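Visitor: Enclosed is the structure file work_33.pdb (PDB, C-alpha atoms, pLDDT in the B column).
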ATOM      1  CA  MET A   1       0.000   0.000   0.000  1.00 53.00           C
ATOM      2  CA  ALA A   2       3.010   2.296  -0.401  1.00 64.00           C
ATOM      3  CA  ASP A   3       1.252   4.136  -3.262  1.00 80.00           C
ATOM      4  CA  ARG A   4      -1.832   4.940  -1.216  1.00 88.00           C
ATOM      5  CA  MET A   5      -2.076   8.649  -0.399  1.00 92.00           C
ATOM      6  CA  SER A   6      -2.074   9.799   3.214  1.00 93.00           C
ATOM      7  CA  TRP A   7      -5.115  11.368   4.877  1.00 96.00           C
ATOM      8  CA  ASP A   8      -3.427  14.772   4.653  1.00 95.00           C
ATOM      9  CA  GLU A   9      -2.854  14.344   0.913  1.00 95.00           C
ATOM     10  CA  TYR A  10      -6.423  13.104   0.454  1.00 97.00           C
ATOM     11  CA  PHE A  11      -8.002  16.099   2.172  1.00 98.00           C
ATOM     12  CA  MET A  12      -5.644  18.537   0.425  1.00 97.00           C
ATOM     13  CA  GLU A  13      -6.814  17.082  -2.896  1.00 97.00           C
ATOM     14  CA  MET A  14     -10.345  17.991  -1.779  1.00 98.00           C
ATOM     15  CA  ALA A  15      -9.207  21.549  -0.996  1.00 98.00           C
ATOM     16  CA  GLU A  16      -7.634  21.746  -4.449  1.00 98.00           C
ATOM     17  CA  LEU A  17     -10.893  20.531  -5.978  1.00 98.00           C
ATOM     18  CA  ALA A  18     -12.829  23.177  -4.030  1.00 98.00           C
ATOM     19  CA  SER A  19     -10.452  25.845  -5.366  1.00 98.00           C
ATOM     20  CA  LYS A  20     -11.652  25.053  -8.884  1.00 98.00           C
ATOM     21  CA  ARG A  21     -15.021  26.652  -7.940  1.00 97.00           C
ATOM     22  CA  SER A  22     -13.291  29.959  -7.156  1.00 96.00           C
ATOM     23  CA  THR A  23     -14.549  33.024  -8.987  1.00 95.00           C
ATOM     24  CA  CYS A  24     -11.469  35.118  -8.206  1.00 93.00           C
ATOM     25  CA  LEU A  25      -9.391  36.338 -11.126  1.00 92.00           C
ATOM     26  CA  ARG A  26      -6.251  36.657  -9.005  1.00 91.00           C
ATOM     27  CA  ARG A  27      -5.895  33.496  -6.929  1.00 92.00           C
ATOM     28  CA  GLN A  28      -7.986  30.334  -6.630  1.00 95.00           C
ATOM     29  CA  VAL A  29      -8.065  29.053  -3.050  1.00 97.00           C
ATOM     30  CA  GLY A  30      -9.899  26.102  -1.556  1.00 98.00           C
ATOM     31  CA  ALA A  31     -10.423  25.015   2.051  1.00 98.00           C
ATOM     32  CA  VAL A  32     -11.771  21.888   3.726  1.00 98.00           C
ATOM     33  CA  VAL A  33     -12.620  21.516   7.412  1.00 98.00           C
ATOM     34  CA  VAL A  34     -12.151  17.968   8.685  1.00 98.00           C
ATOM     35  CA  GLN A  35     -12.979  16.399  12.023  1.00 97.00           C
ATOM     36  CA  ASP A  36     -12.222  12.768  12.844  1.00 96.00           C
ATOM     37  CA  ARG A  37     -11.489  12.126   9.149  1.00 97.00           C
ATOM     38  CA  HIS A  38     -14.927  13.424   8.133  1.00 97.00           C
ATOM     39  CA  VAL A  39     -15.442  16.495   5.967  1.00 98.00           C
ATOM     40  CA  ILE A  40     -17.487  19.047   7.898  1.00 97.00           C
ATOM     41  CA  ALA A  41     -17.394  21.977   5.448  1.00 98.00           C
ATOM     42  CA  THR A  42     -15.699  23.266   2.309  1.00 98.00           C
ATOM     43  CA  GLY A  43     -15.078  26.710   0.898  1.00 98.00           C
ATOM     44  CA  TYR A  44     -13.547  28.603  -1.993  1.00 98.00           C
ATOM     45  CA  ASN A  45     -12.956  32.288  -2.558  1.00 97.00           C
ATOM     46  CA  GLY A  46     -15.735  34.230  -4.244  1.00 95.00           C
ATOM     47  CA  ALA A  47     -18.166  37.106  -3.837  1.00 95.00           C
ATOM     48  CA  PRO A  48     -20.987  36.879  -1.258  1.00 95.00           C
ATOM     49  CA  ARG A  49     -24.395  35.511  -2.262  1.00 94.00           C
ATOM     50  CA  GLY A  50     -26.221  37.750  -4.708  1.00 95.00           C
ATOM     51  CA  ILE A  51     -23.120  39.847  -5.481  1.00 94.00           C
ATOM     52  CA  GLU A  52     -21.554  39.730  -8.915  1.00 94.00           C
ATOM     53  CA  HIS A  53     -18.342  37.723  -9.037  1.00 94.00           C
ATOM     54  CA  CYS A  54     -15.124  39.236 -10.399  1.00 92.00           C
ATOM     55  CA  ILE A  55     -14.943  36.487 -13.004  1.00 93.00           C
ATOM     56  CA  ASP A  56     -18.353  37.650 -14.287  1.00 94.00           C
ATOM     57  CA  ARG A  57     -17.418  41.334 -14.077  1.00 93.00           C
ATOM     58  CA  GLY A  58     -14.221  40.668 -15.993  1.00 93.00           C
ATOM     59  CA  SER A  59     -12.120  42.713 -13.596  1.00 94.00           C
ATOM     60  CA  CYS A  60     -10.540  42.630 -10.167  1.00 92.00           C
ATOM     61  CA  TYR A  61     -10.411  45.845  -8.144  1.00 92.00           C
ATOM     62  CA  ARG A  62      -7.188  44.796  -6.412  1.00 92.00           C
ATOM     63  CA  GLU A  63      -5.496  43.959  -9.715  1.00 92.00           C
ATOM     64  CA  ASP A  64      -6.760  47.144 -11.370  1.00 93.00           C
ATOM     65  CA  HIS A  65      -5.297  49.213  -8.511  1.00 94.00           C
ATOM     66  CA  HIS A  66      -2.034  47.223  -8.243  1.00 94.00           C
ATOM     67  CA  ILE A  67      -2.633  46.199  -4.622  1.00 93.00           C
ATOM     68  CA  PRO A  68       0.004  43.618  -3.609  1.00 90.00           C
ATOM     69  CA  SER A  69      -0.941  40.198  -2.251  1.00 85.00           C
ATOM     70  CA  GLY A  70      -1.214  40.155   1.517  1.00 83.00           C
ATOM     71  CA  GLU A  71      -2.330  43.795   1.768  1.00 86.00           C
ATOM     72  CA  ARG A  72      -5.652  45.672   1.950  1.00 90.00           C
ATOM     73  CA  HIS A  73      -7.905  42.608   2.061  1.00 86.00           C
ATOM     74  CA  GLU A  74     -10.916  44.839   2.692  1.00 88.00           C
ATOM     75  CA  LEU A  75     -10.676  46.028  -0.918  1.00 90.00           C
ATOM     76  CA  CYS A  76     -11.652  42.632  -2.299  1.00 91.00           C
ATOM     77  CA  ARG A  77     -15.192  41.645  -3.322  1.00 92.00           C
ATOM     78  CA  ALA A  78     -14.602  38.031  -2.330  1.00 94.00           C
ATOM     79  CA  LEU A  79     -14.827  36.130   0.889  1.00 96.00           C
ATOM     80  CA  HIS A  80     -11.818  33.897   1.368  1.00 96.00           C
ATOM     81  CA  ALA A  81     -12.078  30.108   1.173  1.00 98.00           C
ATOM     82  CA  GLU A  82     -11.446  29.770   4.915  1.00 98.00           C
ATOM     83  CA  GLN A  83     -14.197  32.271   5.689  1.00 97.00           C
ATOM     84  CA  ASN A  84     -16.672  30.475   3.441  1.00 98.00           C
ATOM     85  CA  ALA A  85     -15.836  27.093   5.038  1.00 98.00           C
ATOM     86  CA  ILE A  86     -16.336  28.487   8.559  1.00 98.00           C
ATOM     87  CA  ILE A  87     -19.599  30.158   7.499  1.00 98.00           C
ATOM     88  CA  GLN A  88     -20.801  26.941   5.857  1.00 97.00           C
ATOM     89  CA  ALA A  89     -20.162  24.991   9.068  1.00 97.00           C
ATOM     90  CA  ALA A  90     -22.028  27.643  11.076  1.00 97.00           C
ATOM     91  CA  THR A  91     -24.949  27.631   8.624  1.00 96.00           C
ATOM     92  CA  LEU A  92     -25.196  23.853   9.033  1.00 95.00           C
ATOM     93  CA  ALA A  93     -24.833  24.153  12.837  1.00 96.00           C
ATOM     94  CA  GLN A  94     -21.677  22.021  12.770  1.00 95.00           C
ATOM     95  CA  SER A  95     -19.081  22.636  15.453  1.00 96.00           C
ATOM     96  CA  ILE A  96     -15.542  22.776  14.104  1.00 97.00           C
ATOM     97  CA  GLU A  97     -13.887  23.019  17.514  1.00 96.00           C
ATOM     98  CA  GLY A  98     -10.714  20.923  17.406  1.00 96.00           C
ATOM     99  CA  ALA A  99     -10.905  20.334  13.629  1.00 97.00           C
ATOM    100  CA  THR A 100      -8.168  20.458  10.999  1.00 97.00           C
ATOM    101  CA  MET A 101      -8.401  22.927   8.121  1.00 98.00           C
ATOM    102  CA  TYR A 102      -6.754  22.075   4.802  1.00 98.00           C
ATOM    103  CA  ILE A 103      -6.088  25.156   2.685  1.00 98.00           C
ATOM    104  CA  THR A 104      -4.399  25.502  -0.681  1.00 97.00           C
ATOM    105  CA  ASN A 105      -2.660  28.700   0.559  1.00 95.00           C
ATOM    106  CA  GLN A 106      -1.543  29.948   3.965  1.00 95.00           C
ATOM    107  CA  PRO A 107      -4.298  32.044   5.556  1.00 95.00           C
ATOM    108  CA  CYS A 108      -4.200  35.839   5.667  1.00 93.00           C
ATOM    109  CA  VAL A 109      -4.420  37.646   9.017  1.00 93.00           C
ATOM    110  CA  ILE A 110      -8.208  38.099   8.751  1.00 95.00           C
ATOM    111  CA  CYS A 111      -8.729  34.379   8.159  1.00 96.00           C
ATOM    112  CA  ALA A 112      -6.153  33.519  10.832  1.00 97.00           C
ATOM    113  CA  LYS A 113      -8.234  35.397  13.412  1.00 97.00           C
ATOM    114  CA  MET A 114     -11.394  33.572  12.322  1.00 97.00           C
ATOM    115  CA  ILE A 115      -9.605  30.197  12.413  1.00 98.00           C
ATOM    116  CA  ILE A 116      -8.364  30.888  15.941  1.00 98.00           C
ATOM    117  CA  ASN A 117     -11.818  31.872  17.216  1.00 97.00           C
ATOM    118  CA  ALA A 118     -13.497  28.955  15.422  1.00 97.00           C
ATOM    119  CA  GLY A 119     -11.368  26.573  17.493  1.00 97.00           C
ATOM    120  CA  ILE A 120      -9.470  24.988  14.609  1.00 97.00           C
ATOM    121  CA  ARG A 121      -6.526  23.075  16.120  1.00 96.00           C
ATOM    122  CA  ARG A 122      -4.450  22.178  13.048  1.00 97.00           C
ATOM    123  CA  ILE A 123      -3.828  23.896   9.711  1.00 97.00           C
ATOM    124  CA  VAL A 124      -2.316  22.130   6.695  1.00 97.00           C
ATOM    125  CA  VAL A 125      -1.425  24.233   3.649  1.00 97.00           C
ATOM    126  CA  ARG A 126      -0.029  23.508   0.199  1.00 94.00           C
ATOM    127  CA  ASP A 127       1.491  26.924  -0.566  1.00 92.00           C
ATOM    128  CA  GLY A 128       2.564  29.990   1.387  1.00 88.00           C
ATOM    129  CA  TYR A 129       1.195  33.533   1.347  1.00 86.00           C
ATOM    130  CA  PRO A 130       2.950  36.822   2.151  1.00 82.00           C
ATOM    131  CA  ASP A 131       1.354  37.619   5.511  1.00 87.00           C
ATOM    132  CA  GLU A 132       3.757  37.358   8.447  1.00 91.00           C
ATOM    133  CA  MET A 133       1.253  38.800  10.916  1.00 93.00           C
ATOM    134  CA  ALA A 134      -1.026  35.828  10.246  1.00 93.00           C
ATOM    135  CA  VAL A 135       1.792  33.406  11.042  1.00 93.00           C
ATOM    136  CA  GLU A 136       2.675  35.300  14.224  1.00 94.00           C
ATOM    137  CA  MET A 137      -0.929  35.365  15.456  1.00 96.00           C
ATOM    138  CA  LEU A 138      -1.468  31.677  14.713  1.00 96.00           C
ATOM    139  CA  GLU A 139       1.740  30.758  16.549  1.00 95.00           C
ATOM    140  CA  GLU A 140       0.768  32.930  19.523  1.00 96.00           C
ATOM    141  CA  ALA A 141      -2.547  31.062  19.643  1.00 97.00           C
ATOM    142  CA  GLY A 142      -0.685  27.748  19.646  1.00 95.00           C
ATOM    143  CA  LEU A 143      -1.410  26.887  16.016  1.00 93.00           C
ATOM    144  CA  LYS A 144       1.391  25.975  13.667  1.00 82.00           C
ATOM    145  CA  ILE A 145       0.961  26.052   9.925  1.00 88.00           C
ATOM    146  CA  VAL A 146       2.015  22.665   8.587  1.00 92.00           C
ATOM    147  CA  MET A 147       3.183  22.572   4.974  1.00 91.00           C
ATOM    148  CA  LEU A 148       1.925  19.502   3.085  1.00 89.00           C
ATOM    149  CA  GLU A 149       5.361  19.130   1.485  1.00 86.00           C
ATOM    150  CA  ASP A 150       6.971  18.835   4.938  1.00 76.00           C
ATOM    151  CA  ILE A 151       4.502  16.069   5.852  1.00 79.00           C
ATOM    152  CA  LYS A 152       5.348  14.199   2.643  1.00 74.00           C
ATOM    153  CA  ASN A 153       9.086  14.549   3.306  1.00 76.00           C
ATOM    154  CA  GLN A 154       8.698  13.135   6.824  1.00 74.00           C
ATOM    155  CA  GLN A 155       6.791  10.133   5.439  1.00 70.00           C
ATOM    156  CA  ASN A 156       9.637   9.353   3.037  1.00 65.00           C
ATOM    157  CA  PHE A 157      12.141   8.798   5.854  1.00 54.00           C
TER     158      PHE A 157
END
Would you give me this structure, written as structure tokens?

Guide:
Amino acid sequence: MADRMSWDEYFMEMAELASKRSTCLRRQVGAVVVQDRHVIATGYNGAPRGIEHCIDRGSCYREDHHIPSGERHELCRALHAEQNAIIQAATLAQSIEGATMYITNQPCVICAKMIINAGIRRIVVRDGYPDEMAVEMLEEAGLKIVMLEDIKNQQNF
């Protein structure tokens, strides 16, 4: 069974699949909340319900105004994948206290604060993101961002 993917790889594949629903022109991000190896909620980045998506508008305010990644998140029409996953769990009345969140990119500081307050205990990411404050806040809260690549490397020893 050496070719069988790990649970972390399996759930990250689900996060990558969720990212394909993204309506963001700049970055496609997916998130999956898992508890006891069961998917509780998923999310991808896109505009709130009833609001036109950037992909449909054909433009991104942040791109048009040359706003760098990791800055001025309030100037984006979209909710982030992590936010949508947390909201989905809340809408379904599903506790995510103690869960693991799989995200295709490291969370920003806004999402980091939501993850902390939602009670997520573990975060696995595929790629980084330029937001050091998010990393600092997560570490202060006792959460470490685990890179999927690091998990794979440890399994190969």

Visitor: For this structure, which residues satisfy the selection - the PyMOL selection byres ((chain A and resi 70) around 6) - when it is evaluated on the file as given? I want them as a ChimeraX atom specification.

Guide: /A:69,71,130-131

Visitor: List the neighbours of region 139-147 of chain A out to 9 Å using all atoms listed in the file; skip same-chain residues closer than 3 positions along the sequence, and give me the result as a PDB file with C-alpha atoms, in the coordinates of the input.

Guide:
ATOM      1  CA  GLN A 106      -1.543  29.948   3.965  1.00 95.00           C
ATOM      2  CA  ILE A 116      -8.364  30.888  15.941  1.00 98.00           C
ATOM      3  CA  ILE A 120      -9.470  24.988  14.609  1.00 97.00           C
ATOM      4  CA  ARG A 121      -6.526  23.075  16.120  1.00 96.00           C
ATOM      5  CA  ARG A 122      -4.450  22.178  13.048  1.00 97.00           C
ATOM      6  CA  ILE A 123      -3.828  23.896   9.711  1.00 97.00           C
ATOM      7  CA  VAL A 124      -2.316  22.130   6.695  1.00 97.00           C
ATOM      8  CA  VAL A 125      -1.425  24.233   3.649  1.00 97.00           C
ATOM      9  CA  ARG A 126      -0.029  23.508   0.199  1.00 94.00           C
ATOM     10  CA  ASP A 127       1.491  26.924  -0.566  1.00 92.00           C
ATOM     11  CA  GLY A 128       2.564  29.990   1.387  1.00 88.00           C
ATOM     12  CA  ALA A 134      -1.026  35.828  10.246  1.00 93.00           C
ATOM     13  CA  VAL A 135       1.792  33.406  11.042  1.00 93.00           C
ATOM     14  CA  GLU A 136       2.675  35.300  14.224  1.00 94.00           C
ATOM     15  CA  ASP A 150       6.971  18.835   4.938  1.00 76.00           C
ATOM     16  CA  ILE A 151       4.502  16.069   5.852  1.00 79.00           C
ATOM     17  CA  LYS A 152       5.348  14.199   2.643  1.00 74.00           C
TER      18      LYS A 152
END

Visitor: Running the PyMOL selection byres ((chain A and resi 37) around 10) on this model by hand, what would come out? Give it as a VMD selection string.

Guide: chain A and resid 7 to 8 11 33 to 36 38 to 40 99 to 100

Visitor: List the residues matched by the PyMOL selection byres ((chain A and resi 20-26) around 12) in the displayed structure as a count of residues only, ordered by chain and then by residue number.

Guide: 45

Visitor: To one decimal place, how far is CA of Met133 (chain A) from CA of Ala85 (chain A) in Å?

Guide: 21.5 Å

Visitor: Could you rebuild region 26-37 of chain A with all heavy atoms and give it back as a short mmCIF file (atom, residue, chain, number, x, y, z; two decimals), in the coordinates of the input?

Guide:
data_model
loop_
_atom_site.label_atom_id
_atom_site.label_comp_id
_atom_site.auth_asym_id
_atom_site.auth_seq_id
_atom_site.Cartn_x
_atom_site.Cartn_y
_atom_site.Cartn_z
N ARG A 26 -7.63 36.52 -9.47
CA ARG A 26 -6.25 36.66 -9.01
C ARG A 26 -5.66 35.37 -8.44
O ARG A 26 -4.52 35.02 -8.70
CB ARG A 26 -6.22 37.75 -7.94
CG ARG A 26 -4.85 38.23 -7.60
CD ARG A 26 -4.95 39.41 -6.68
NE ARG A 26 -3.98 40.41 -7.03
CZ ARG A 26 -3.62 41.39 -6.24
NH1 ARG A 26 -4.18 41.53 -5.06
NH2 ARG A 26 -2.72 42.24 -6.61
N ARG A 27 -6.41 34.69 -7.61
CA ARG A 27 -5.90 33.50 -6.93
C ARG A 27 -7.07 32.58 -6.61
O ARG A 27 -8.07 33.02 -6.07
CB ARG A 27 -5.19 33.91 -5.64
CG ARG A 27 -4.58 32.78 -4.86
CD ARG A 27 -4.03 33.24 -3.50
NE ARG A 27 -3.22 34.42 -3.57
CZ ARG A 27 -1.89 34.45 -3.61
NH1 ARG A 27 -1.22 33.32 -3.59
NH2 ARG A 27 -1.23 35.58 -3.66
N GLN A 28 -6.94 31.30 -6.92
CA GLN A 28 -7.99 30.33 -6.63
C GLN A 28 -7.57 29.55 -5.38
O GLN A 28 -6.55 28.87 -5.39
CB GLN A 28 -8.20 29.37 -7.80
CG GLN A 28 -8.84 30.02 -9.01
CD GLN A 28 -7.93 31.01 -9.73
OE1 GLN A 28 -6.80 30.71 -10.05
NE2 GLN A 28 -8.44 32.21 -9.97
N VAL A 29 -8.38 29.69 -4.33
CA VAL A 29 -8.06 29.05 -3.05
C VAL A 29 -9.23 28.17 -2.63
O VAL A 29 -10.39 28.53 -2.80
CB VAL A 29 -7.80 30.12 -1.95
CG1 VAL A 29 -7.47 29.47 -0.62
CG2 VAL A 29 -6.66 31.06 -2.39
N GLY A 30 -8.90 27.01 -2.09
CA GLY A 30 -9.90 26.10 -1.56
C GLY A 30 -9.57 25.74 -0.12
O GLY A 30 -8.40 25.76 0.28
N ALA A 31 -10.60 25.41 0.66
CA ALA A 31 -10.42 25.02 2.05
C ALA A 31 -11.39 23.89 2.39
O ALA A 31 -12.51 23.85 1.87
CB ALA A 31 -10.67 26.20 2.98
N VAL A 32 -10.94 22.99 3.25
CA VAL A 32 -11.77 21.89 3.73
C VAL A 32 -11.57 21.77 5.23
O VAL A 32 -10.43 21.74 5.70
CB VAL A 32 -11.39 20.56 3.03
CG1 VAL A 32 -12.18 19.39 3.60
CG2 VAL A 32 -11.60 20.64 1.53
N VAL A 33 -12.67 21.71 5.96
CA VAL A 33 -12.62 21.52 7.41
C VAL A 33 -12.94 20.05 7.69
O VAL A 33 -13.97 19.54 7.24
CB VAL A 33 -13.63 22.44 8.15
CG1 VAL A 33 -13.57 22.19 9.65
CG2 VAL A 33 -13.35 23.90 7.82
N VAL A 34 -12.04 19.41 8.43
CA VAL A 34 -12.15 17.97 8.68
C VAL A 34 -12.09 17.70 10.18
O VAL A 34 -11.26 18.28 10.89
CB VAL A 34 -10.99 17.22 7.98
CG1 VAL A 34 -11.00 15.75 8.32
CG2 VAL A 34 -11.04 17.44 6.48
N GLN A 35 -12.98 16.82 10.62
CA GLN A 35 -12.98 16.40 12.02
C GLN A 35 -13.12 14.89 12.07
O GLN A 35 -14.04 14.33 11.45
CB GLN A 35 -14.13 17.07 12.76
CG GLN A 35 -13.94 17.13 14.24
CD GLN A 35 -14.82 18.20 14.84
OE1 GLN A 35 -15.98 18.33 14.45
NE2 GLN A 35 -14.29 18.96 15.76
N ASP A 36 -12.20 14.23 12.74
CA ASP A 36 -12.22 12.77 12.84
C ASP A 36 -12.31 12.10 11.47
O ASP A 36 -13.09 11.16 11.27
CB ASP A 36 -13.38 12.31 13.74
CG ASP A 36 -13.28 12.86 15.15
OD1 ASP A 36 -12.14 12.96 15.67
OD2 ASP A 36 -14.33 13.23 15.71
N ARG A 37 -11.56 12.64 10.53
CA ARG A 37 -11.49 12.13 9.15
C ARG A 37 -12.81 12.23 8.39
O ARG A 37 -13.06 11.49 7.45
CB ARG A 37 -10.95 10.70 9.12
CG ARG A 37 -9.53 10.61 9.61
CD ARG A 37 -8.96 9.23 9.43
NE ARG A 37 -7.58 9.21 9.89
CZ ARG A 37 -6.94 8.14 10.25
NH1 ARG A 37 -7.54 6.96 10.21
NH2 ARG A 37 -5.68 8.20 10.65
#
